[in-house]
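Trainee: Quick one: the structure is below, and I'll ask about it shortly.
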Amino acid sequence: MKSLLIEQASRIILVLLGVVLISGCSTTTTPKLGKPEIENGSLVFGYIDMEDAPSWYQWIEMKSETQPKKGPRYFWVRDGMFFRVDVSPDRYRFTEFGGSNPYTKSEFRFTLPEQPQLRREIDKPGVYFIGSFKYKSNTPLVGRYTFDLLPAKTPSERELLERILVYAEHEHWRRIIVQRLNQLKK
């Protein structure tokens with residue numbers, strides 16, 4: 001009788017563990033660049049190589065510098081690439097990025113350094129490449145990580161736009177991405 005209970009409990013634990021692993025490994029939603037929500041919105045994107053970081057990031061935020069009370073804007077993140085559409089004209093700064101580890105239930109949040117390349121003026125509708133960066137860890141200070149984001153040559157603006165293009169369901173986003181890709185050929 002005791003071995004039967006142990007066997008049933010083991011099966012239940014295995015099923016629950018499978019559910020946890022499946023839910024922990026999935027992403028929240030698949031990005032879809034659908035119908036523009038605002039008339040003068042832009043596509044903003046970039047990349048952070050987190051190979052040397054303690055974990056991968058799942059979100060990045062940017063905030064308006066002219067309207068500080070306006071909430072942050074969050075970006076889709078896929079394989080190090082971040083992107084968002086319908087960004088209205090304004091002056092922005094990327095402020096933080098982070099994520100969580102479903103296995104350890106730990107969260108991390110990195111404050112981005114005040115670097116000129118992490119500021120961007122969106123003055124007219126279009127495509128804005130923030131850049132590609134490599135996370136460089138510095139010596140931890142008493143349990144606190146410090147880091148630098150160093151400019152990286154890869155992936156290029158072109159490579160990232162080609163990856164984003166697969167998410168462009170609406171003709172508007174496909175058109176402006178292809179236009180920018182054609183400009184980059186020159």
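We label chains A, B, ... in the order they appear in the structure tokens, count residues from 1 in each chain, and number ligands from 1 in the order shown.
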Neighbouring residues of range 178-181 of chain A were defined as those with any atom within 12 Å, considering only C-alpha atoms; residues of the same chain fewer than 5 positions away were excluded. Please report them as a ChimeraX atom specification.
Mentor: /A:43,126-129,156-166,168,171-173,186
Trainee: Near Ala53 in chain A, counting only C-alpha atoms, which residues have an atom at most 9 Å away, once you skip same-chain residues fewer than 3 positions from it, shown as a PyMOL selection string?
Mentor: chain A and resi 49-50+56+135-137+147
Trainee: Would you mind reading off the distance between CA of Arg91 in chain A and CA of Thr29 in chain A, one decimal, in Å?
Mentor: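 Here the two named atoms are 27.7 Å from each other.
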